[in-house]
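Engineer: Below is the file coords.cif, with mmCIF, C-alpha atoms.
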data_upload
#
loop_
_atom_site.label_atom_id
_atom_site.label_comp_id
_atom_site.auth_asym_id
_atom_site.auth_seq_id
_atom_site.Cartn_x
_atom_site.Cartn_y
_atom_site.Cartn_z
CA GLN A 1 82.35 90.10 125.94
CA HIS A 2 86.11 89.80 125.55
CA ASP A 3 88.30 90.81 128.44
CA LYS A 4 90.36 93.98 128.00
CA GLU A 5 93.68 92.23 127.41
CA ASP A 6 92.17 90.09 124.66
CA VAL A 7 90.64 93.16 122.98
CA ILE A 8 93.94 95.05 123.13
CA LEU A 9 95.89 92.14 121.65
CA ARG A 10 93.31 91.66 118.88
CA CYS A 11 93.40 95.36 117.99
CA ALA A 12 97.21 95.45 118.01
CA ALA A 13 97.26 92.49 115.61
CA ARG A 14 94.91 94.35 113.23
CA ILE A 15 97.11 97.44 113.35
CA ALA A 16 100.34 95.47 112.84
CA PRO A 17 100.48 95.82 109.00
CA HIS A 18 100.46 99.63 109.44
CA PRO A 19 103.83 100.52 111.02
CA LEU A 20 103.23 104.26 111.05
CA ALA A 21 100.08 103.73 113.12
CA VAL A 22 101.86 101.29 115.47
CA ASP A 23 104.76 103.69 116.03
CA THR A 24 102.51 106.73 116.48
CA LEU A 25 100.25 104.98 118.98
CA LEU A 26 103.18 103.65 120.98
CA ARG A 27 104.86 107.05 121.09
CA SER A 28 101.59 108.70 122.17
CA LEU A 29 100.90 106.18 124.95
CA LYS A 30 104.41 106.52 126.31
CA THR A 31 104.11 110.32 126.26
CA ILE A 32 100.86 110.17 128.24
CA GLN A 33 102.41 107.65 130.61
CA ALA A 34 105.35 110.00 131.21
CA HIS A 35 103.11 113.08 131.64
CA PRO A 36 99.92 111.74 133.29
CA THR A 37 98.67 115.17 134.41
CA ASN A 38 99.17 117.00 131.12
CA ASN A 39 95.74 117.23 129.49
CA LYS A 40 97.05 118.30 126.08
CA TYR A 41 98.27 114.75 125.44
CA GLN A 42 94.91 113.22 126.37
CA THR A 43 92.77 114.58 123.53
CA ILE A 44 92.79 113.28 119.94
CA ASP A 45 91.14 115.10 117.04
CA THR A 46 90.44 112.43 114.44
CA THR A 47 89.75 115.02 111.72
CA THR A 48 93.29 116.41 111.56
CA SER A 49 95.63 115.67 108.66
CA GLY A 50 98.10 114.17 111.13
CA PHE A 51 95.58 111.62 112.37
CA GLN A 52 94.45 110.77 108.84
CA ARG A 53 98.05 110.31 107.69
CA SER A 54 99.33 108.32 110.67
CA LEU A 55 96.39 106.68 112.44
CA ASN A 56 93.71 106.09 109.83
CA ALA A 57 94.16 102.31 109.93
CA PRO A 58 91.95 99.33 110.84
CA GLY A 59 91.85 98.65 114.56
CA VAL A 60 93.10 102.06 115.71
CA LEU A 61 89.78 103.44 116.97
CA ASP A 62 88.96 100.18 118.76
CA PHE A 63 92.42 100.18 120.31
CA LEU A 64 91.95 103.76 121.55
CA LYS A 65 88.56 102.82 122.95
CA ALA A 66 90.19 99.97 124.86
CA MET A 67 92.67 102.53 126.23
CA ASN A 68 89.62 104.48 127.56
CA PHE A 69 89.53 107.17 124.84
CA HIS A 70 85.90 108.10 124.12
CA PRO A 71 84.16 110.64 121.84
CA GLN A 72 83.23 113.95 123.44
CA TYR A 73 79.51 114.66 123.58
CA GLN A 74 79.68 118.01 121.78
CA GLN A 75 82.55 116.94 119.47
CA PRO A 76 82.10 113.27 118.53
CA LYS A 77 85.15 113.35 116.23
CA THR A 78 87.37 114.29 119.17
CA LEU A 79 88.44 111.54 121.55
CA LYS A 80 89.15 112.27 125.20
CA LEU A 81 90.93 110.01 127.68
CA ALA A 82 88.27 109.31 130.29
CA ILE A 83 90.40 107.32 132.75
CA LEU A 84 94.16 106.94 132.78
CA ASP A 85 94.46 103.38 134.03
CA PRO A 86 98.15 102.40 134.45
CA ALA A 87 97.41 98.69 134.02
CA THR A 88 95.55 99.30 130.75
CA PHE A 89 98.35 101.49 129.43
CA TYR A 90 100.88 98.84 130.36
CA LEU A 91 98.92 96.26 128.36
CA GLY A 92 98.61 98.61 125.37
CA ILE A 93 102.28 99.54 125.33
CA SER A 94 103.34 95.91 125.74
CA ALA A 95 101.06 94.80 122.88
CA LEU A 96 102.46 97.43 120.50
CA GLU A 97 106.06 96.68 121.49
CA GLN A 98 105.40 93.02 120.82
CA VAL A 99 104.17 93.93 117.33
CA GLN A 100 107.36 95.89 116.69
CA GLU A 101 109.52 93.00 117.86
CA THR A 102 107.74 89.99 116.36
CA SER A 103 105.30 90.90 113.56
CA PRO A 104 106.56 90.01 110.04
CA GLU A 105 103.92 92.29 108.51
CA TYR A 106 105.10 95.21 110.63
CA ALA A 107 108.75 94.57 109.77
CA ASN A 108 108.11 94.20 106.03
CA ASN A 109 105.94 97.29 105.72
CA LYS A 110 108.35 99.28 107.87
CA ALA A 111 111.10 98.30 105.42
CA LEU A 112 108.91 99.37 102.50
CA LEU A 113 108.31 102.79 104.07
CA LYS A 114 112.06 103.21 104.58
CA PHE A 115 112.69 102.09 101.00
CA ASP A 116 110.22 104.61 99.57
CA LYS A 117 111.92 107.39 101.51
CA GLU A 118 115.36 106.33 100.28
CA VAL A 119 114.10 106.17 96.69
CA GLU A 120 112.54 109.62 96.91
CA GLN A 121 115.76 111.12 98.26
CA ALA A 122 117.90 109.30 95.66
CA LEU A 123 115.79 110.49 92.71
CA LEU A 124 116.09 114.10 93.87
CA LEU A 125 119.82 113.93 94.63
CA ALA A 126 121.08 115.00 91.20
CA ASN A 127 119.35 118.36 91.61
CA SER A 128 121.90 119.33 94.29
CA ASP A 129 124.82 116.91 93.89
CA THR A 130 127.28 117.35 91.02
CA LYS A 131 128.95 113.97 91.61
CA GLU A 132 125.60 112.23 91.36
CA ALA A 133 124.83 114.06 88.12
CA VAL A 134 128.15 112.84 86.67
CA LYS A 135 127.44 109.24 87.74
CA ARG A 136 124.02 109.36 86.10
CA ALA A 137 125.49 110.76 82.88
CA ASP A 138 127.99 107.89 82.83
CA PHE A 139 125.20 105.33 83.16
CA MET A 140 123.19 107.10 80.46
CA SER A 141 126.16 106.91 78.06
CA LYS A 142 125.92 103.12 78.27
CA VAL A 143 122.20 102.98 77.44
CA PRO A 144 121.33 102.15 73.81
CA SER A 145 119.25 104.59 71.82
CA GLU A 146 115.54 104.18 72.35
CA SER A 147 113.94 101.82 69.88
CA SER A 148 112.10 103.62 67.11
CA THR A 149 110.54 100.53 65.58
CA ALA A 150 107.06 99.21 66.17
CA ARG A 151 108.63 95.92 67.28
CA GLY A 152 110.48 97.53 70.17
CA SER A 153 109.86 96.27 73.69
CA HIS A 154 107.96 98.70 75.89
CA MET A 155 109.63 98.51 79.30
CA THR A 156 108.02 99.89 82.45
CA VAL A 157 109.82 99.91 85.81
CA GLU A 158 108.34 100.79 89.18
CA ILE A 159 110.83 102.38 91.56
CA GLY A 160 109.17 102.35 94.96
CA SER A 161 105.49 103.06 95.46
CA ASN A 162 105.36 106.48 93.85
CA THR A 163 107.61 106.42 90.77
CA LYS A 164 107.16 104.65 87.45
CA ILE A 165 109.35 105.14 84.37
CA SER A 166 109.07 103.69 80.87
CA ARG A 167 110.73 103.64 77.45
CA LYS A 168 111.22 101.31 74.48
CA PHE A 169 114.09 98.88 74.04
CA ASP A 170 114.92 96.50 71.21
CA GLY A 171 114.36 92.81 71.83
CA ASP A 172 118.10 92.12 71.63
CA ASP A 173 118.96 94.77 74.22
CA THR A 174 119.99 93.21 77.52
CA LEU A 175 118.90 93.44 81.11
CA GLN A 176 122.21 95.23 81.76
CA ASP A 177 121.00 97.98 79.41
CA VAL A 178 117.88 98.34 81.55
CA VAL A 179 119.94 98.48 84.76
CA ASN A 180 122.14 101.19 83.22
CA TRP A 181 118.98 103.08 82.33
CA LEU A 182 117.87 102.82 85.96
CA GLY A 183 121.30 104.11 87.02
CA ALA A 184 120.71 107.14 84.83
CA HIS A 185 117.79 107.97 87.13
CA ALA A 186 119.63 107.24 90.41
CA SER A 187 123.14 105.79 90.61
CA ILE A 188 122.33 104.01 93.87
CA ILE A 189 119.94 101.64 92.07
CA PRO A 190 122.55 99.49 90.23
CA SER A 191 124.83 99.32 93.29
CA ASN A 192 122.00 98.29 95.62
CA LEU A 193 120.78 95.72 93.10
CA GLN A 194 124.31 94.32 92.87
CA SER A 195 124.71 94.13 96.65
CA GLY A 196 121.35 92.42 97.14
CA GLU A 197 119.97 95.19 99.33
CA TRP A 198 117.38 95.74 96.61
CA HIS A 199 115.95 93.34 94.06
CA LEU A 200 114.64 93.57 90.53
CA VAL A 201 111.24 91.89 90.30
CA ASP A 202 109.53 90.59 87.16
CA ARG A 203 105.94 91.85 87.35
CA ASN A 204 105.04 89.73 84.31
CA HIS A 205 105.66 86.62 86.37
CA PRO A 206 102.44 85.41 88.06
CA GLU A 207 104.18 85.37 91.46
CA ALA A 208 106.23 88.57 90.87
CA LEU A 209 109.44 86.85 91.92
CA PRO A 210 112.82 88.61 91.96
CA TYR A 211 115.97 87.95 89.96
CA SER A 212 117.90 87.08 93.12
CA ASN A 213 121.14 86.28 91.23
CA LEU A 214 121.03 89.34 89.02
CA THR A 215 124.52 88.86 87.58
CA GLY A 216 123.35 85.57 86.08
CA VAL A 217 120.94 87.28 83.71
CA LEU A 218 122.40 90.74 83.09
CA ASP A 219 123.83 89.72 79.73
CA ARG A 220 120.61 88.01 78.59
CA THR A 221 118.43 89.74 76.03
CA LEU A 222 115.04 91.13 76.95
CA GLN A 223 113.45 88.66 74.58
CA TYR A 224 115.25 85.78 76.29
CA ILE A 225 114.09 86.71 79.79
CA GLY A 226 110.50 87.35 78.71
CA CYS A 227 110.46 91.16 78.64
CA TRP A 228 109.41 91.27 75.01
CA PRO A 229 107.22 92.57 73.40
CA SER A 230 106.73 94.28 76.75
CA GLY A 231 108.25 94.13 80.19
CA ARG A 232 107.11 95.16 83.65
CA LEU A 233 109.80 95.27 86.30
CA ALA A 234 109.99 96.75 89.78
CA VAL A 235 112.83 97.73 92.08
CA VAL A 236 111.97 96.48 95.58
CA PRO A 237 113.83 96.18 98.88
CA THR A 238 114.97 92.91 100.38
CA LEU A 239 112.37 92.31 103.07
CA PRO A 240 113.14 91.00 106.58
CA HIS A 241 110.48 88.31 106.13
CA PRO A 242 110.08 87.40 102.43
CA THR A 243 106.56 86.14 101.83
CA ALA A 244 106.66 85.10 98.18
CA VAL A 245 107.43 81.44 97.49
CA GLY A 246 110.91 81.02 96.03
CA THR A 247 112.21 84.52 96.72
CA THR A 248 115.77 83.18 96.90
CA THR A 249 115.53 81.53 93.47
CA LEU A 250 116.72 82.97 90.18
CA VAL A 251 113.59 83.31 88.09
CA SER A 252 113.22 83.25 84.34
CA SER A 253 109.95 84.52 82.96
CA TYR A 254 107.43 81.94 81.81
CA ARG A 255 106.97 84.02 78.65
CA GLY A 256 110.55 84.19 77.34
CA LEU A 257 113.03 81.98 75.52
CA GLY A 258 114.62 81.39 78.91
CA ALA A 259 111.46 79.91 80.38
CA GLY A 260 113.13 76.55 80.75
CA PRO A 261 114.95 75.27 83.84
CA VAL A 262 116.52 78.06 85.84
CA GLU A 263 119.99 76.50 85.80
CA HIS A 264 120.11 77.02 82.03
CA LEU A 265 120.15 80.77 82.61
CA GLN A 266 123.37 80.50 84.59
CA LYS A 267 125.37 78.63 81.94
#
Give the structure from this file in structure tokens form.
Structural biologist:
Amino acid sequence: QHDKEDVILRCAARIAPHPLAVDTLLRSLKTIQAHPTNNKYQTIDTTTSGFQRSLNAPGVLDFLKAMNFHPQYQQPKTLKLAILDPATFYLGISALEQVQETSPEYANNKALLKFDKEVEQALLLANSDTKEAVKRADFMSKVPSESSTARGSHMTVEIGSNTKISRKFDGDDTLQDVVNWLGAHASIIPSNLQSGEWHLVDRNHPEALPYSNLTGVLDRTLQYIGCWPSGRLAVVPTLPHPTAVGTTTLVSSYRGLGAGPVEHLQK
């Protein structure tokens, strides 16, 4: 049998890739710690939408058990704090704070959650912002007409976790044309790609690596960079702890005319 500290640390490590669960647990433990006699903070209904949205992650139930939360006899889906042990709560809070401060998985997935929220807000902005609507119209004016030929390149772009757009381009259209098309959906996309806050990733590449030096390929044709006869790109945030090999390297697709040495793309 593992000692309590070991169990708590193991559970915290399992929860680490789920930042919403980490943050919710930490906030809850600190609230109980600050209000030790308030019973309303010491009961958890695992059937609620809030629990399912925030705490339905591997390791959470074992972590709560280590904190002395146990199912009620008549309501097994409801957890009740049996004993408020200050030492145990100190260990639990410390373990979760350590995850927040040191876990690459926590930091990366936290950044992805923030990115998805920013994308959602940006895509909706034109509905209430006249300046944004004008910016999008300007980007759209720079986008070539959609290819009507059977030989057109079908381009699909993921923008965050919940949005995917697609249309056809000609093989001699450029990556700049695609970026302008993205700007027609949200003007923040081209500016954040240019600044490096976000990246454009080639999903056709086996390692899904980003075009880190985007300006070096903007004038290249879709056929040259391997997005023909089809292309799959994604707009992603720059992560605090990049995990893909070569994420700081300008990538040319292995399918395209530019599949040779990377430095050739920059000439």
Engineer: Given the PyMOL selection byres ((chain A and resi 23) around 12) and the file above, list the residues it selects as a PyMOL selection string.
Structural biologist: chain A and resi 12+15-22+24-30+54-55+60+93+95-101+106-107+110
Engineer: So which residues touch stretch 158-163 of chain A within 6 Å, counting all atoms listed in the file, skipping near sequence neighbours fewer than 2 positions away, as a VMD selection string?
Structural biologist: chain A and resid 116 234 to 235
Engineer: Box along x, y and z, 6 Å on every side, all listed atoms of stretch 41-51 of chain A inside: centre and edge lengths in Å to one decimal, as AutoDock Vina command-line options.
Structural biologist:
--center_x 94.0 --center_y 114.0 --center_z 117.5 --size_x 20.5 --size_y 16.8 --size_z 29.7
Engineer: Quick one: residues within 6 Å of stretch 178-187 of chain A, all atoms listed in the file, excluding same-chain residues fewer than 5 positions away - as a list in words?
Structural biologist: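 Listing them by chain and then by number gives Ala122, Leu123, Arg136, Phe139, Met140 and Val143 of chain A.
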Engineer: Go through A:Leu9, A:Ile165, A:Val157, A:Ala34 and flag the residue nearest A:Asp62, using all atoms listed in the file for the distances.
Structural biologist: A:Leu9
Engineer: Written as a list in words, which residues does the PyMOL selection byres ((chain A and resi 70) around 7) give for the file shown?
Structural biologist: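 So the PyMOL selection byres ((chain A and resi 70) around 7) ends up selecting Lys65, Asn68, Phe69, Pro71, Gln72, Leu79, Lys80, Leu81 and Ala82 of chain A.
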Engineer: If you apply the PyMOL selection byres ((chain A and resi 241) around 7) to this file, what residues do you get, as a PDB file with C-alpha atoms, in the coordinates of the input?
Structural biologist:
ATOM      1  CA  PRO A 104     106.560  90.010 110.040  1.00  0.00           C
ATOM      2  CA  ASN A 108     108.110  94.200 106.030  1.00  0.00           C
ATOM      3  CA  LEU A 239     112.370  92.310 103.070  1.00  0.00           C
ATOM      4  CA  PRO A 240     113.140  91.000 106.580  1.00  0.00           C
ATOM      5  CA  PRO A 242     110.080  87.400 102.430  1.00  0.00           C
ATOM      6  CA  THR A 243     106.560  86.140 101.830  1.00  0.00           C
TER       7      THR A 243
END
Engineer: Just give me the gap between atom CA of A:Ser148 and atom CA of A:Lys168 in Å, one decimal is fine.
Structural biologist: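 Separating atom CA of A:Ser148 from atom CA of A:Lys168 is a distance of 7.8 Å.
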Engineer: Using all atoms listed in the file, pick whichever of A:Asn127, A:Arg232, A:Gln194, A:Gly59 has the shortest atom-to-atom distance to A:Pro206.
Structural biologist: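 Answer, going by the shortest atom-to-atom distance: A:Arg232.
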Engineer: Grab the atom CA of A:Arg10 to atom CA of A:Phe89 distance for me, in Å with one decimal place.
Structural biologist: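 Between atom CA of A:Arg10 and atom CA of A:Phe89 the gap works out to 15.3 Å.
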Engineer: For A:Trp198, which residue among A:Val236, A:Asp6, A:Gln121, A:Ser103 is the nearest when counting all atoms listed in the file?
Structural biologist: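 Result for the nearest residue to A:Trp198: A:Val236.
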Engineer: Work out how far apart atom CA of A:Pro210 and atom CA of A:Leu233 are and give it in Å to one decimal.
Structural biologist: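 Atom CA of A:Leu233 lies 9.2 Å from atom CA of A:Pro210.
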Engineer: How would you write as a list in words the residues that get within 8 Å of (114.6, 90.3, 83.5) in the file's frame, counting all atoms listed in the file?
Structural biologist: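 These residues have at least one counted atom within 8 Å: Leu175, Leu200, Val201, Asp202, Tyr211, Val217, Leu218, Leu222, Ile225, Gly226, Cys227, Leu233, Ser252 and Ser253 of chain A.
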Engineer: Here is a test: counting all atoms listed in the file, which residue of A:Glu120, A:Glu105, A:Asp170, A:Asp85 is nearest to A:Glu146?
Structural biologist: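 So, comparing all the options, the nearest one is A:Asp170.
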Engineer: Can you take the partial stretch 222-233 of chain A, add all heavy atoms, and return it as an mmCIF file, in the frame of the given file?
Structural biologist:
data_model
loop_
_atom_site.group_PDB
_atom_site.id
_atom_site.type_symbol
_atom_site.label_atom_id
_atom_site.label_comp_id
_atom_site.auth_asym_id
_atom_site.auth_seq_id
_atom_site.Cartn_x
_atom_site.Cartn_y
_atom_site.Cartn_z
ATOM 1 N N LEU A 222 116.385 90.945 76.411
ATOM 2 C CA LEU A 222 115.040 91.130 76.950
ATOM 3 C C LEU A 222 114.080 90.095 76.393
ATOM 4 O O LEU A 222 113.166 89.640 77.092
ATOM 5 C CB LEU A 222 114.548 92.545 76.650
ATOM 6 C CG LEU A 222 115.386 93.678 77.242
ATOM 7 C CD1 LEU A 222 114.759 95.037 76.914
ATOM 8 C CD2 LEU A 222 115.549 93.514 78.742
ATOM 9 N N GLN A 223 114.296 89.706 75.138
ATOM 10 C CA GLN A 223 113.450 88.660 74.580
ATOM 11 C C GLN A 223 113.679 87.343 75.291
ATOM 12 O O GLN A 223 112.739 86.607 75.581
ATOM 13 C CB GLN A 223 113.729 88.503 73.081
ATOM 14 C CG GLN A 223 112.793 87.509 72.392
ATOM 15 C CD GLN A 223 112.982 87.467 70.895
ATOM 16 O OE1 GLN A 223 113.931 88.039 70.367
ATOM 17 N NE2 GLN A 223 112.076 86.809 70.201
ATOM 18 N N TYR A 224 114.919 87.049 75.626
ATOM 19 C CA TYR A 224 115.250 85.780 76.290
ATOM 20 C C TYR A 224 114.612 85.680 77.665
ATOM 21 O O TYR A 224 114.110 84.612 78.047
ATOM 22 C CB TYR A 224 116.772 85.659 76.413
ATOM 23 C CG TYR A 224 117.228 84.320 76.942
ATOM 24 C CD1 TYR A 224 117.492 83.267 76.067
ATOM 25 C CD2 TYR A 224 117.398 84.100 78.298
ATOM 26 C CE1 TYR A 224 117.900 82.029 76.547
ATOM 27 C CE2 TYR A 224 117.809 82.865 78.785
ATOM 28 C CZ TYR A 224 118.056 81.829 77.901
ATOM 29 O OH TYR A 224 118.456 80.608 78.381
ATOM 30 N N ILE A 225 114.614 86.783 78.423
ATOM 31 C CA ILE A 225 114.090 86.710 79.790
ATOM 32 C C ILE A 225 112.593 86.991 79.860
ATOM 33 O O ILE A 225 112.014 87.027 80.952
ATOM 34 C CB ILE A 225 114.836 87.677 80.731
ATOM 35 C CG1 ILE A 225 114.604 89.134 80.323
ATOM 36 C CG2 ILE A 225 116.312 87.341 80.781
ATOM 37 C CD1 ILE A 225 115.178 90.138 81.309
ATOM 38 N N GLY A 226 111.956 87.198 78.708
ATOM 39 C CA GLY A 226 110.500 87.350 78.710
ATOM 40 C C GLY A 226 109.996 88.772 78.778
ATOM 41 O O GLY A 226 108.805 88.990 78.968
ATOM 42 N N CYS A 227 110.887 89.747 78.623
ATOM 43 C CA CYS A 227 110.460 91.160 78.640
ATOM 44 C C CYS A 227 110.296 91.684 77.226
ATOM 45 O O CYS A 227 110.729 92.792 76.877
ATOM 46 C CB CYS A 227 111.480 92.007 79.408
ATOM 47 S SG CYS A 227 111.497 91.686 81.181
ATOM 48 N N TRP A 228 109.669 90.900 76.392
ATOM 49 C CA TRP A 228 109.410 91.270 75.010
ATOM 50 C C TRP A 228 108.153 90.534 74.554
ATOM 51 O O TRP A 228 108.012 89.347 74.859
ATOM 52 C CB TRP A 228 110.606 90.915 74.114
ATOM 53 C CG TRP A 228 110.513 91.448 72.722
ATOM 54 C CD1 TRP A 228 110.951 92.652 72.235
ATOM 55 C CD2 TRP A 228 109.939 90.775 71.599
ATOM 56 N NE1 TRP A 228 110.675 92.770 70.912
ATOM 57 C CE2 TRP A 228 110.045 91.621 70.490
ATOM 58 C CE3 TRP A 228 109.304 89.524 71.439
ATOM 59 C CZ2 TRP A 228 109.566 91.282 69.240
ATOM 60 C CZ3 TRP A 228 108.823 89.179 70.194
ATOM 61 C CH2 TRP A 228 108.966 90.056 69.102
ATOM 62 N N PRO A 229 107.200 91.188 73.922
ATOM 63 C CA PRO A 229 107.220 92.570 73.400
ATOM 64 C C PRO A 229 106.983 93.656 74.442
ATOM 65 O O PRO A 229 106.906 94.827 74.099
ATOM 66 C CB PRO A 229 106.084 92.558 72.378
ATOM 67 C CG PRO A 229 105.118 91.559 72.931
ATOM 68 C CD PRO A 229 105.963 90.479 73.555
ATOM 69 N N SER A 230 106.842 93.271 75.697
ATOM 70 C CA SER A 230 106.730 94.280 76.750
ATOM 71 C C SER A 230 107.294 93.699 78.038
ATOM 72 O O SER A 230 107.341 92.478 78.220
ATOM 73 C CB SER A 230 105.265 94.708 76.955
ATOM 74 O OG SER A 230 104.489 93.629 77.449
ATOM 75 N N GLY A 231 107.714 94.582 78.911
ATOM 76 C CA GLY A 231 108.250 94.130 80.190
ATOM 77 C C GLY A 231 107.772 95.012 81.314
ATOM 78 O O GLY A 231 107.616 96.231 81.132
ATOM 79 N N ARG A 232 107.511 94.400 82.452
ATOM 80 C CA ARG A 232 107.110 95.160 83.650
ATOM 81 C C ARG A 232 107.998 94.710 84.804
ATOM 82 O O ARG A 232 107.879 93.584 85.276
ATOM 83 C CB ARG A 232 105.631 94.924 83.992
ATOM 84 C CG ARG A 232 104.658 95.494 82.982
ATOM 85 C CD ARG A 232 103.226 95.518 83.500
ATOM 86 N NE ARG A 232 102.820 94.211 84.008
ATOM 87 C CZ ARG A 232 102.449 93.972 85.260
ATOM 88 N NH1 ARG A 232 102.446 94.948 86.159
ATOM 89 N NH2 ARG A 232 102.066 92.755 85.645
ATOM 90 N N LEU A 233 108.882 95.572 85.208
ATOM 91 C CA LEU A 233 109.800 95.270 86.300
ATOM 92 C C LEU A 233 109.545 96.223 87.459
ATOM 93 O O LEU A 233 108.883 97.241 87.309
ATOM 94 C CB LEU A 233 111.258 95.396 85.832
ATOM 95 C CG LEU A 233 111.680 94.532 84.650
ATOM 96 C CD1 LEU A 233 113.121 94.842 84.260
ATOM 97 C CD2 LEU A 233 111.517 93.051 84.966
#
